Amino acid sequence: MDVRIPVGSWIESGIDWIGDNLTWLLDLLGTVWTSLYDAVEWVVITPPAIAVIVVLAALALVARGWKFALGTALGLAFIIGVDQWDNAMSTLALVLVAAGLALVVGIPLGIWAARDTRVSATVKPLMDFLQTMPAFVYLIPAIAFFGIGVAPAMFATILFAIAPAVRLTELGIRGVDREVVEAGQAFGATPGRILRQIQLPLALPSIMAGVNQVIMLSLSMVVIAGMVGAGGLGGDVTKSLSALDTALGFEAGLSVVILAIILDRFTGAFGQKRGLHLVTRLRSAAASRASSPAAETEKVPA
Amino acid sequence: MNDDTIALRAEGLYKVFGRHADEAVIALHRGTPRDRLGSGTTAAVIDASFDVRRGEIFVVMGLSGSGKSTLIRMLNGLHNATAGTVEIGGEHITGIPAKRLREIRRARISMVFQHFALLPHRTVLDNVAYGLEIQGVAKAEREAKARKVTRIVGLAGWEERLPSQLSGGMQQRVGLARALAADTDVLLMDEAFSALDPLIRREMQDQLLELQAELGKTIVFITHDLNEAMYLGDRIAVMRDGRIVQIGAPEDILTNPADDYVEQFVQDVDRTKVLTAESVMRKPRAVVHVGAGPRAALTLMRDEQLAGAYVVTKDRSIVGWVRDRDVFELVRRGDKDLASVIRSDHGAVATDTALAELFIPSLEAALPLGVLDTRDRLVGVIPRVTLLAALGGEPEAAVQAAPRPDPLPTEVVDRVLEAAVGTGAAGAKEAL
């Protein structure tokens with residue numbers, strides 16, 4: 001038995017080829033990612049910590065109510081207390097940018113897959129591959145392409161986290177009641193209009209569940225990102241691992257947990273009929289107040 | 001029938017799902033049964049042709065799997081026809097660009113869905129205005145119109161609610177209002193009332209008929225419920241296994257089913273509500289002319305073995321009825337005028353009276369129940385046996401079982417007639 005399939009070397013030569021021939025593309029991506037990251041990090045790290053906490057607590061209040069707002073404020077205060085604020089904000093920036101990019105690519109891909117079964121058939125195994133491949137493996141080409149720093153972390157995170165965005169968008173749109181879509185068609189709506197006014201709004205809970213998962217998967221990549229020099233909480237976890245520093249490791253680890261809970265509750269709120277729907281409710285409440293009281297008292301038909 | 005009266009025309013429509021659709025159409029056209037098309041090929045609609053007249057409710061009736069839902073979806077292009085053509089108002093909608101098809105849908109044809117298909121995140125008013133919004137009507141105008149239509153369907157005061165806050169019947173009113181607001185000539189209704197409770201369904205059917213009487217839309221209505229089809233339809237197309245097996249007025253379908261399938265199907269229908277006096281009436285065996293003398297009348301009744309007869313004028317307008325015994329008395333007394341014994345309580349009914357409403361009049365009438373047209377002319381009679389036979393589904397059976405309501409013995413009548421010869425009562429006999 002001396003048969004060996006040289007898959008590894010094929011992939012390696014493929015990746016080498018990309019590294020050699022698509023340098024301009026990789027440079028461009030690296031620059032864009034890094035500057036996006038820098039911009040977002042600047043936004044969260046420049047103001048005093050207390051200001052950021054107030055803003056986030058206020059958002060939490062709108063999204064879910066006072067309990068969540070209080071929890072958010074306490075959690076963030078704890079992060080300051082263990083002196084991980086700057087790291088946490090770097091990680092937050094990394095997660096937001098990576099998840100944002102994954103969504104920007106993933107949601108349209110999901111929409112496309114929902115409209116075309118051939119695309120769906122191609123995308124599905126690809127997504128299975130991306131999600132199940134051990135995340136560390138992505139780091140190897142990532143470093144080959146981008147060196148160390150934020151860009152390779154971003155590359156690995158996007159690949160690892162994109163699948164739920166595509167899957168749940170496709171699932172959500174395919175799950176929209178066929179008759180409602182037909183109603184749009186029957187009244188002469190264009191496909192774009194049906195997508196905007198019917199499919200996306202009705203698929204929103206599913207899409208938001210995808211957003212939630214993408215963010216959670218991105219966050220789970222921070223430690224790995226720390227290994228390629230992206231810094232943040234992951235950097236401290238990696239550092240404490242090599243130095244066997246239990247205290248530092250747990251402080252950074254608990255900060256990750258707090259960030260994760262806050263982000264999860266935020267995006268979860270949008271998935272349930274709250275948050276975004278708050279706007280709708282306020283609007284319809286205002287409308288019914290505006291309508292004449294005479295109409296309200298009219299006899300209710302069966 | 002010229003083209004102006006045709007709102008929608010389907011010709012040779014086929015819909016085949018799966019592989020080798022075109023070959024399947026050719027095979028079906030040659031007469032291959034649809035279960036021999038091979039796996040992976042399903043013929044949903046086979047060679048459907050029909051015209052829908054302007055202002056008519058055309059019902060397509062069939063069990064699930066008969067292809068009726070597919071058929072209605074071809075009428076507005078939601079499904080592409082595999083073969084055949086559909087014309088709406090003389091314009092082909094098969095094989096045209098998607099953009100043109102959308103324009104036709106906006107302007108000419110709207111649809112009501114089985115499960116309402118409302119946009120759950122929009123208010124009732126916005127749902128009703130949806131068709132207008134797509135047509136590009138300005139916001140203020142479409143809301144005003146939507147408000148009006150919402151009121152027409154009886155949902156005033158519910159404009160700002162979300163569909164989920166409404167009951168099923170009310171949601172379907174929104175669906176109906178949305179289709180009506182779009183103001184198209186043709187309305188497709190796909191099992192529109194099937195998901196509703198029986199009582200609500202009946203209410204919606206009545207409301208549809210009321211609206212239809214007012215608006216005069218052309219409606220294609222799909223249903224699996226024959227009673228609903230009979231109640232709503234001006235004409236009914238019965239579908240089975242993808243083919244239309246019969247098209248006709250409800251009474252045609254009921255009285256002359258095209259095949260065993262339709263016949264079996266219509267067995268469960270409540271005939272007394274669908275059939276009318278006109279469809280079961282017989283020719284009167286004999287009527288007495290009002291100018292005829294008693295002798296002629298009695299002769300007629302003797303010949304026809306009748307115990308009484310309706311009296312009509314020259315143009316057959318009804319005057320009343322006479323009993324043979326009364327006329328007998330007149331003849332014996334030598335009286336020459338029938339007028340004194342004509343009874344006016346004839347109890348005749350109109351031609352469009354439903355069978356269900358004939359039973360009591362039929363019991364109360366001494367003679368076979370008379371049937372009058374709109375100008376009070378006696379156009380037929382319904383003997384009780386005929387009524388019973390019609391209920392049993394075989395009106396023809398009544399022909400053999402003609403009524404014999406105990407007339408005077410012939411010898412007695414003969415005697416008095418002979419005795420009266422010479423008194424000179426001349427008259428006309430009119431046997432129809």
# chains A, B, ... in the order shown; residues from 1 in each chain; ligands from 1
call {"tool": "closest_atom_pairs", "arguments": {"of": "chain B", "to": "chain A", "cutoff": "9 Å", "atoms": "only C-alpha atoms", "output": "Markdown table"}}
result
| residue | atom | partner | partner_atom | distance |
| --- | --- | --- | --- | --- |
| B:Arg73 | CA | A:Ala186 | CA | 9.0 |
| B:Asn76 | CA | A:Ala186 | CA | 6.9 |
| B:Gly77 | CA | A:Ala186 | CA | 8.2 |
| B:Leu78 | CA | A:Ala186 | CA | 7.0 |
| B:Lys99 | CA | A:Thr190 | CA | 8.3 |
| B:Leu101 | CA | A:Gly188 | CA | 7.7 |
| B:Arg102 | CA | A:Gly188 | CA | 4.3 |
| B:Glu103 | CA | A:Gly188 | CA | 6.4 |
| B:Ile104 | CA | A:Gly188 | CA | 7.6 |
| B:Arg105 | CA | A:Gly188 | CA | 5.1 |
| B:Arg106 | CA | A:Gly188 | CA | 4.9 |
| B:Ala107 | CA | A:Gly188 | CA | 8.6 |
| B:Ile109 | CA | A:Phe187 | CA | 7.7 |
| B:Ser110 | CA | A:Phe187 | CA | 6.0 |
| B:Met111 | CA | A:Ala186 | CA | 6.4 |
| B:Val112 | CA | A:Ala183 | CA | 8.1 |
| B:Phe113 | CA | A:Glu179 | CA | 7.1 |
| B:Gln114 | CA | A:Glu179 | CA | 8.4 |
| B:His115 | CA | A:Glu179 | CA | 7.4 |
| B:Phe116 | CA | A:Glu179 | CA | 8.0 |
| B:Ala117 | CA | A:Val180 | CA | 4.3 |
| B:Leu118 | CA | A:Val180 | CA | 6.3 |
| B:Leu119 | CA | A:Val180 | CA | 6.8 |
| B:Pro120 | CA | A:Leu202 | CA | 8.0 |
| B:His121 | CA | A:Pro201 | CA | 7.7 |
| B:Thr123 | CA | A:Ser284 | CA | 8.1 |
| B:Tyr130 | CA | A:Phe187 | CA | 8.1 |
| B:Gly131 | CA | A:Phe187 | CA | 5.6 |
| B:Leu132 | CA | A:Phe187 | CA | 8.8 |
| B:Ile134 | CA | A:Ala189 | CA | 6.0 |
| B:Gln135 | CA | A:Gly188 | CA | 7.9 |
| B:Gly154 | CA | A:Pro301 | CA | 6.4 |
| B:Leu155 | CA | A:Pro301 | CA | 6.7 |
| B:Ala156 | CA | A:Ala295 | CA | 6.9 |
| B:Gly157 | CA | A:Ala295 | CA | 4.5 |
| B:Trp158 | CA | A:Glu296 | CA | 7.9 |
| B:Glu159 | CA | A:Ser288 | CA | 8.7 |
| B:Glu160 | CA | A:Ser288 | CA | 5.9 |
| B:Arg161 | CA | A:Ser284 | CA | 8.1 |
| B:Leu162 | CA | A:Ser284 | CA | 9.0 |
| B:Ser167 | CA | A:Ala302 | CA | 8.1 |
| B:Gly169 | CA | A:Ala302 | CA | 7.5 |
| B:Met170 | CA | A:Ala302 | CA | 7.1 |
| B:Ala179 | CA | A:Phe187 | CA | 8.4 |
| B:Ala182 | CA | A:Phe187 | CA | 8.1 |
| B:Ile200 | CA | A:Ala302 | CA | 8.2 |
call {"tool": "residues_around", "arguments": {"residues": "segment 237-242 of chain A", "least_positions_apart": "4", "cutoff": "10 Å", "atoms": "only C-alpha atoms", "output": "list in words"}}
result
Val222, Val223, Ile224, Ala225, Gly226, Met227, Val228, Gly229, Gly231, Gly232, Leu233, Thr246, Ala247, Leu248, Gly249, Phe250, Glu251, Ala252, Gly253 and Val256 of chain A
call {"tool": "write_last_selection", "arguments": {"atoms": "N, CA, C and O atoms", "output": "JSON list (two decimals), in the first residue's frame"}}
result
[["chain", "number", "residue", "atom", "x", "y", "z"],
["A", 222, "VAL", "N", -11.63, 34.95, 18.56],
["A", 222, "VAL", "CA", -10.67, 35.96, 19.03],
["A", 222, "VAL", "C", -9.41, 35.37, 19.62],
["A", 222, "VAL", "O", -8.32, 35.93, 19.45],
["A", 223, "VAL", "N", -9.55, 34.26, 20.29],
["A", 223, "VAL", "CA", -8.36, 33.65, 20.88],
["A", 223, "VAL", "C", -7.41, 33.22, 19.78],
["A", 223, "VAL", "O", -6.20, 33.46, 19.81],
["A", 224, "ILE", "N", -7.99, 32.58, 18.79],
["A", 224, "ILE", "CA", -7.19, 32.13, 17.65],
["A", 224, "ILE", "C", -6.54, 33.34, 16.96],
["A", 224, "ILE", "O", -5.39, 33.31, 16.57],
["A", 225, "ALA", "N", -7.35, 34.42, 16.86],
["A", 225, "ALA", "CA", -6.81, 35.63, 16.25],
["A", 225, "ALA", "C", -5.63, 36.15, 17.06],
["A", 225, "ALA", "O", -4.66, 36.66, 16.50],
["A", 226, "GLY", "N", -5.72, 35.99, 18.39],
["A", 226, "GLY", "CA", -4.61, 36.43, 19.23],
["A", 226, "GLY", "C", -3.31, 35.73, 18.85],
["A", 226, "GLY", "O", -2.22, 36.31, 18.94],
["A", 227, "MET", "N", -3.42, 34.49, 18.38],
["A", 227, "MET", "CA", -2.23, 33.73, 18.01],
["A", 227, "MET", "C", -1.50, 34.32, 16.81],
["A", 227, "MET", "O", -0.31, 34.09, 16.64],
["A", 228, "VAL", "N", -2.23, 35.00, 15.94],
["A", 228, "VAL", "CA", -1.55, 35.59, 14.78],
["A", 228, "VAL", "C", -1.28, 37.07, 14.99],
["A", 228, "VAL", "O", -1.07, 37.82, 14.04],
["A", 229, "GLY", "N", -1.34, 37.48, 16.25],
["A", 229, "GLY", "CA", -0.90, 38.84, 16.56],
["A", 229, "GLY", "C", -1.94, 39.91, 16.38],
["A", 229, "GLY", "O", -1.63, 41.07, 16.12],
["A", 231, "GLY", "N", -3.87, 40.88, 18.73],
["A", 231, "GLY", "CA", -4.02, 41.60, 19.98],
["A", 231, "GLY", "C", -5.37, 41.39, 20.61],
["A", 231, "GLY", "O", -6.02, 40.37, 20.39],
["A", 232, "GLY", "N", -5.79, 42.34, 21.42],
["A", 232, "GLY", "CA", -7.08, 42.24, 22.08],
["A", 232, "GLY", "C", -7.07, 41.20, 23.18],
["A", 232, "GLY", "O", -6.01, 40.77, 23.66],
["A", 233, "LEU", "N", -8.28, 40.77, 23.58],
["A", 233, "LEU", "CA", -8.39, 39.79, 24.66],
["A", 233, "LEU", "C", -7.70, 38.49, 24.28],
["A", 233, "LEU", "O", -7.09, 37.82, 25.12],
["A", 246, "THR", "N", -2.49, 31.88, 35.22],
["A", 246, "THR", "CA", -3.91, 31.59, 35.42],
["A", 246, "THR", "C", -4.73, 32.86, 35.62],
["A", 246, "THR", "O", -5.81, 33.01, 35.06],
["A", 247, "ALA", "N", -4.21, 33.77, 36.44],
["A", 247, "ALA", "CA", -4.97, 34.98, 36.77],
["A", 247, "ALA", "C", -5.31, 35.78, 35.51],
["A", 247, "ALA", "O", -6.47, 36.07, 35.23],
["A", 248, "LEU", "N", -4.29, 36.09, 34.73],
["A", 248, "LEU", "CA", -4.48, 36.86, 33.50],
["A", 248, "LEU", "C", -5.41, 36.12, 32.55],
["A", 248, "LEU", "O", -6.33, 36.70, 31.95],
["A", 249, "GLY", "N", -5.17, 34.80, 32.44],
["A", 249, "GLY", "CA", -5.98, 33.99, 31.52],
["A", 249, "GLY", "C", -7.46, 34.09, 31.84],
["A", 249, "GLY", "O", -8.28, 34.33, 30.97],
["A", 250, "PHE", "N", -7.78, 33.94, 33.13],
["A", 250, "PHE", "CA", -9.19, 33.98, 33.49],
["A", 250, "PHE", "C", -9.80, 35.38, 33.40],
["A", 250, "PHE", "O", -10.96, 35.54, 33.04],
["A", 251, "GLU", "N", -9.01, 36.38, 33.70],
["A", 251, "GLU", "CA", -9.52, 37.75, 33.58],
["A", 251, "GLU", "C", -9.88, 38.06, 32.13],
["A", 251, "GLU", "O", -10.96, 38.58, 31.83],
["A", 252, "ALA", "N", -8.97, 37.70, 31.23],
["A", 252, "ALA", "CA", -9.25, 37.94, 29.80],
["A", 252, "ALA", "C", -10.41, 37.05, 29.35],
["A", 252, "ALA", "O", -11.31, 37.50, 28.62],
["A", 253, "GLY", "N", -10.39, 35.80, 29.84],
["A", 253, "GLY", "CA", -11.45, 34.86, 29.45],
["A", 253, "GLY", "C", -12.81, 35.34, 29.89],
["A", 253, "GLY", "O", -13.77, 35.32, 29.11],
["A", 256, "VAL", "N", -14.13, 38.00, 27.72],
["A", 256, "VAL", "CA", -14.71, 37.46, 26.48],
["A", 256, "VAL", "C", -16.15, 37.01, 26.73],
["A", 256, "VAL", "O", -17.06, 37.30, 25.95]]
call {"tool": "atom_distance", "arguments": {"atom1": "atom CA of Pro205 of chain A", "atom2": "atom CA of Ala63 of chain A"}}
result
14.9 Å
call {"tool": "atom_distance", "arguments": {"atom1": "atom CA of Gln305 of chain B", "atom2": "atom CA of Leu338 of chain B"}}
result
19.2 Å
call {"tool": "residues_around", "arguments": {"residues": "segment 33-50 of chain B", "least_positions_apart": "5", "cutoff": "8 Å", "atoms": "only C-alpha atoms", "output": "ChimeraX atom specification"}}
result
/B:9-21,24,27-28,65-68,70-71,84,241-244
call {"tool": "residues_around", "arguments": {"residues": "Asp268 of chain B", "least_positions_apart": "2", "cutoff": "12 Å", "atoms": "only C-alpha atoms", "output": "ChimeraX atom specification"}}
result
/B:225-227,230,254,262-266,270-272,274,391-393
call {"tool": "residues_around", "arguments": {"residues": "Val238 of chain B", "least_positions_apart": "5", "cutoff": "8 Å", "atoms": "only C-alpha atoms", "output": "VMD selection string"}}
result
chain B and resid 60 to 62 244 to 247 262
call {"tool": "write_last_selection", "arguments": {"atoms": "C-alpha atoms", "output": "mmCIF file, in the first residue's frame"}}
result
data_model
loop_
_atom_site.group_PDB
_atom_site.id
_atom_site.type_symbol
_atom_site.label_atom_id
_atom_site.label_comp_id
_atom_site.auth_asym_id
_atom_site.auth_seq_id
_atom_site.Cartn_x
_atom_site.Cartn_y
_atom_site.Cartn_z
ATOM 1 C CA VAL B 60 -63.673 25.402 -11.528
ATOM 2 C CA MET B 61 -64.546 22.468 -9.330
ATOM 3 C CA GLY B 62 -62.489 19.410 -8.594
ATOM 4 C CA ILE B 244 -62.050 19.350 -17.638
ATOM 5 C CA VAL B 245 -64.758 16.724 -17.904
ATOM 6 C CA GLN B 246 -67.790 18.980 -18.101
ATOM 7 C CA ILE B 247 -68.644 22.664 -18.390
ATOM 8 C CA VAL B 262 -69.594 13.763 -12.397
#
call {"tool": "residues_around", "arguments": {"residues": "Ala144 of chain B", "least_positions_apart": "2", "cutoff": "12 Å", "atoms": "only C-alpha atoms", "output": "ChimeraX atom specification"}}
result
/B:125-126,128-129,132,137-142,146-151,159,181
call {"tool": "write_last_selection", "arguments": {"atoms": "all heavy atoms", "output": "short mmCIF file (atom, residue, chain, number, x, y, z; two decimals), in the first residue's frame"}}
result
data_model
loop_
_atom_site.label_atom_id
_atom_site.label_comp_id
_atom_site.auth_asym_id
_atom_site.auth_seq_id
_atom_site.Cartn_x
_atom_site.Cartn_y
_atom_site.Cartn_z
N LEU B 125 -55.11 48.36 6.30
CA LEU B 125 -55.23 49.38 5.25
C LEU B 125 -54.10 49.24 4.23
O LEU B 125 -54.33 49.28 3.01
CB LEU B 125 -55.21 50.78 5.87
CG LEU B 125 -55.61 51.89 4.92
CD1 LEU B 125 -57.08 51.78 4.58
CD2 LEU B 125 -55.32 53.25 5.53
N ASP B 126 -52.87 49.06 4.72
CA ASP B 126 -51.74 48.92 3.81
C ASP B 126 -51.84 47.65 2.97
O ASP B 126 -51.40 47.62 1.82
CB ASP B 126 -50.41 48.92 4.59
CG ASP B 126 -50.05 50.31 5.08
OD1 ASP B 126 -50.70 51.26 4.62
OD2 ASP B 126 -49.15 50.43 5.93
N VAL B 128 -54.74 46.31 2.02
CA VAL B 128 -55.77 46.57 1.01
C VAL B 128 -55.20 47.44 -0.10
O VAL B 128 -55.52 47.28 -1.28
CB VAL B 128 -57.01 47.23 1.66
CG1 VAL B 128 -58.02 47.62 0.60
CG2 VAL B 128 -57.64 46.28 2.66
N ALA B 129 -54.31 48.37 0.27
CA ALA B 129 -53.76 49.31 -0.71
C ALA B 129 -52.62 48.72 -1.51
O ALA B 129 -52.09 49.37 -2.41
CB ALA B 129 -53.29 50.57 0.01
N LEU B 132 -52.72 48.78 -5.30
CA LEU B 132 -52.65 50.16 -5.79
C LEU B 132 -51.23 50.71 -5.67
O LEU B 132 -50.76 51.43 -6.54
CB LEU B 132 -53.61 51.04 -4.98
CG LEU B 132 -55.09 50.66 -5.12
CD1 LEU B 132 -55.91 51.38 -4.08
CD2 LEU B 132 -55.59 51.00 -6.51
N VAL B 137 -50.06 54.19 -7.62
CA VAL B 137 -51.02 55.22 -7.22
C VAL B 137 -50.44 55.99 -6.02
O VAL B 137 -49.84 55.40 -5.13
CB VAL B 137 -52.36 54.57 -6.81
CG1 VAL B 137 -53.36 55.62 -6.34
CG2 VAL B 137 -52.93 53.79 -7.99
N ALA B 138 -50.61 57.32 -6.03
CA ALA B 138 -50.06 58.15 -4.96
C ALA B 138 -50.65 57.76 -3.61
O ALA B 138 -51.79 57.29 -3.54
CB ALA B 138 -50.35 59.62 -5.24
N LYS B 139 -49.87 57.98 -2.56
CA LYS B 139 -50.21 57.47 -1.23
C LYS B 139 -51.60 57.93 -0.76
O LYS B 139 -52.42 57.11 -0.33
CB LYS B 139 -49.14 57.90 -0.23
CG LYS B 139 -49.26 57.23 1.13
CD LYS B 139 -48.05 57.58 1.99
CE LYS B 139 -48.24 57.24 3.44
NZ LYS B 139 -48.29 55.82 3.76
N ALA B 140 -51.85 59.23 -0.85
CA ALA B 140 -53.12 59.76 -0.34
C ALA B 140 -54.30 59.13 -1.08
O ALA B 140 -55.29 58.69 -0.48
CB ALA B 140 -53.15 61.27 -0.49
N GLU B 141 -54.15 59.05 -2.40
CA GLU B 141 -55.24 58.51 -3.22
C GLU B 141 -55.50 57.04 -2.92
O GLU B 141 -56.64 56.60 -2.76
CB GLU B 141 -54.87 58.69 -4.69
CG GLU B 141 -56.02 58.43 -5.64
CD GLU B 141 -55.55 58.50 -7.09
OE1 GLU B 141 -54.58 59.24 -7.38
OE2 GLU B 141 -56.14 57.80 -7.92
N ARG B 142 -54.40 56.27 -2.82
CA ARG B 142 -54.60 54.83 -2.60
C ARG B 142 -55.16 54.56 -1.21
O ARG B 142 -55.95 53.64 -1.02
CB ARG B 142 -53.32 54.05 -2.88
CG ARG B 142 -52.21 54.23 -1.88
CD ARG B 142 -51.06 53.27 -2.21
NE ARG B 142 -50.04 53.34 -1.18
CZ ARG B 142 -48.81 53.80 -1.38
NH1 ARG B 142 -48.43 54.23 -2.57
NH2 ARG B 142 -47.94 53.83 -0.41
N ALA B 146 -58.50 52.61 -0.54
CA ALA B 146 -58.43 51.42 0.30
C ALA B 146 -59.41 51.54 1.47
O ALA B 146 -60.07 50.58 1.85
CB ALA B 146 -57.01 51.23 0.82
N ARG B 147 -59.53 52.74 2.04
CA ARG B 147 -60.47 52.97 3.13
C ARG B 147 -61.90 52.67 2.67
O ARG B 147 -62.69 52.04 3.37
CB ARG B 147 -60.39 54.43 3.57
CG ARG B 147 -60.03 54.59 5.03
CD ARG B 147 -59.74 56.05 5.35
NE ARG B 147 -58.35 56.22 5.72
CZ ARG B 147 -57.83 55.79 6.86
NH1 ARG B 147 -58.58 55.18 7.73
NH2 ARG B 147 -56.55 55.95 7.13
N LYS B 148 -62.20 53.11 1.45
CA LYS B 148 -63.54 52.91 0.91
C LYS B 148 -63.83 51.41 0.75
O LYS B 148 -64.88 50.91 1.20
CB LYS B 148 -63.64 53.63 -0.44
CG LYS B 148 -65.06 53.92 -0.87
CD LYS B 148 -65.07 54.78 -2.13
CE LYS B 148 -65.77 54.04 -3.25
NZ LYS B 148 -65.48 54.58 -4.57
N VAL B 149 -62.89 50.71 0.14
CA VAL B 149 -63.11 49.28 -0.10
C VAL B 149 -63.15 48.51 1.23
O VAL B 149 -63.94 47.58 1.40
CB VAL B 149 -62.01 48.70 -1.02
CG1 VAL B 149 -62.25 47.23 -1.28
CG2 VAL B 149 -62.00 49.45 -2.33
N THR B 150 -62.33 48.93 2.18
CA THR B 150 -62.34 48.28 3.49
C THR B 150 -63.72 48.41 4.12
O THR B 150 -64.23 47.48 4.74
CB THR B 150 -61.28 48.92 4.41
OG1 THR B 150 -60.05 48.97 3.72
CG2 THR B 150 -61.11 48.12 5.68
N ARG B 151 -64.33 49.57 3.91
CA ARG B 151 -65.68 49.78 4.46
C ARG B 151 -66.68 48.87 3.73
O ARG B 151 -67.54 48.26 4.35
CB ARG B 151 -66.06 51.25 4.32
CG ARG B 151 -67.16 51.65 5.26
CD ARG B 151 -67.26 53.16 5.43
NE ARG B 151 -67.17 53.86 4.17
CZ ARG B 151 -66.24 54.77 3.90
NH1 ARG B 151 -65.33 55.08 4.78
NH2 ARG B 151 -66.23 55.38 2.74
N GLU B 159 -58.87 49.36 10.19
CA GLU B 159 -57.84 49.72 9.21
C GLU B 159 -56.42 49.65 9.74
O GLU B 159 -55.50 49.29 9.02
CB GLU B 159 -58.08 51.14 8.67
CG GLU B 159 -59.29 51.29 7.77
CD GLU B 159 -60.55 51.62 8.55
OE1 GLU B 159 -60.51 51.48 9.80
OE2 GLU B 159 -61.55 52.00 7.93
N ALA B 181 -59.79 46.39 -4.47
CA ALA B 181 -59.19 47.73 -4.54
C ALA B 181 -58.33 47.89 -5.79
O ALA B 181 -58.24 48.97 -6.36
CB ALA B 181 -58.37 48.01 -3.29
#
call {"tool": "residues_around", "arguments": {"residues": "Ala58 of chain A", "least_positions_apart": "4", "cutoff": "7 Å", "atoms": "only C-alpha atoms", "output": "JSON, numbers by chain"}}
result
{"A": [54, 62, 69]}
call {"tool": "closest_residue", "arguments": {"among": "A:Gly110, A:Pro134, A:Gly81, A:Gly65", "to": "Leu200 of chain A", "atoms": "only C-alpha atoms"}}
result
A:Gly110
call {"tool": "select_by_dssp", "arguments": {"residues": "segment 295-331 of chain B", "states": "strand (DSSP E or B)", "output": "MDAnalysis selection string"}}
result
chainID B and resid 308:312 317:323
call {"tool": "closest_residue", "arguments": {"among": "B:Val290, B:Val86, B:Glu357, B:Ala7", "to": "Thr313 of chain B", "atoms": "only C-alpha atoms"}}
result
B:Val290
call {"tool": "select_by_dssp", "arguments": {"residues": "segment 296-379 of chain B", "states": "alpha helix (DSSP H)", "output": "list in words"}}
result
Ala296, Ala297, Leu298, Thr299, Leu300, Met301, Arg302, Asp303, Glu304, Asp324, Arg325, Asp326, Val327, Phe328, Glu329, Leu330, Val331, Arg332, Arg333, Phe359, Ile360, Pro361, Ser362, Leu363 and Glu364 of chain B
call {"tool": "atom_distance", "arguments": {"atom1": "atom CA of Leu387 of chain B", "atom2": "atom CA of Val280 of chain B"}}
result
7.2 Å
call {"tool": "decode", "arguments": {"residues": "segment 325-337 of chain B", "atoms": "N, CA and C atoms", "output": "PDB file, in the first residue's frame"}}
result
ATOM      1  N   ARG B 325    -116.047  18.418 -10.940  1.00  0.00           N
ATOM      2  CA  ARG B 325    -117.398  18.305 -10.357  1.00  0.00           C
ATOM      3  C   ARG B 325    -118.197  19.600 -10.514  1.00  0.00           C
ATOM      4  N   ASP B 326    -117.507  20.731 -10.357  1.00  0.00           N
ATOM      5  CA  ASP B 326    -118.190  22.014 -10.515  1.00  0.00           C
ATOM      6  C   ASP B 326    -118.655  22.205 -11.951  1.00  0.00           C
ATOM      7  N   VAL B 327    -117.746  21.856 -12.899  1.00  0.00           N
ATOM      8  CA  VAL B 327    -118.085  22.002 -14.315  1.00  0.00           C
ATOM      9  C   VAL B 327    -119.235  21.046 -14.660  1.00  0.00           C
ATOM     10  N   PHE B 328    -119.170  19.848 -14.093  1.00  0.00           N
ATOM     11  CA  PHE B 328    -120.204  18.830 -14.271  1.00  0.00           C
ATOM     12  C   PHE B 328    -121.574  19.399 -13.897  1.00  0.00           C
ATOM     13  N   GLU B 329    -121.597  20.089 -12.735  1.00  0.00           N
ATOM     14  CA  GLU B 329    -122.835  20.718 -12.283  1.00  0.00           C
ATOM     15  C   GLU B 329    -123.335  21.737 -13.298  1.00  0.00           C
ATOM     16  N   LEU B 330    -122.373  22.560 -13.805  1.00  0.00           N
ATOM     17  CA  LEU B 330    -122.733  23.593 -14.788  1.00  0.00           C
ATOM     18  C   LEU B 330    -123.379  22.963 -16.017  1.00  0.00           C
ATOM     19  N   VAL B 331    -122.740  21.889 -16.489  1.00  0.00           N
ATOM     20  CA  VAL B 331    -123.226  21.238 -17.708  1.00  0.00           C
ATOM     21  C   VAL B 331    -124.611  20.658 -17.473  1.00  0.00           C
ATOM     22  N   ARG B 332    -124.793  20.054 -16.261  1.00  0.00           N
ATOM     23  CA  ARG B 332    -126.089  19.477 -15.960  1.00  0.00           C
ATOM     24  C   ARG B 332    -127.189  20.537 -15.929  1.00  0.00           C
ATOM     25  N   ARG B 333    -126.797  21.694 -15.376  1.00  0.00           N
ATOM     26  CA  ARG B 333    -127.781  22.769 -15.293  1.00  0.00           C
ATOM     27  C   ARG B 333    -127.944  23.496 -16.616  1.00  0.00           C
ATOM     28  N   GLY B 334    -127.062  23.194 -17.593  1.00  0.00           N
ATOM     29  CA  GLY B 334    -127.124  23.848 -18.879  1.00  0.00           C
ATOM     30  C   GLY B 334    -126.540  25.244 -18.863  1.00  0.00           C
ATOM     31  N   ASP B 335    -125.766  25.541 -17.837  1.00  0.00           N
ATOM     32  CA  ASP B 335    -125.122  26.858 -17.750  1.00  0.00           C
ATOM     33  C   ASP B 335    -124.064  26.987 -18.829  1.00  0.00           C
ATOM     34  N   LYS B 336    -123.943  28.151 -19.449  1.00  0.00           N
ATOM     35  CA  LYS B 336    -122.999  28.273 -20.555  1.00  0.00           C
ATOM     36  C   LYS B 336    -121.759  29.073 -20.222  1.00  0.00           C
ATOM     37  N   ASP B 337    -121.664  29.548 -19.008  1.00  0.00           N
ATOM     38  CA  ASP B 337    -120.488  30.364 -18.659  1.00  0.00           C
ATOM     39  C   ASP B 337    -119.677  29.692 -17.559  1.00  0.00           C
TER      40      ASP B 337
END
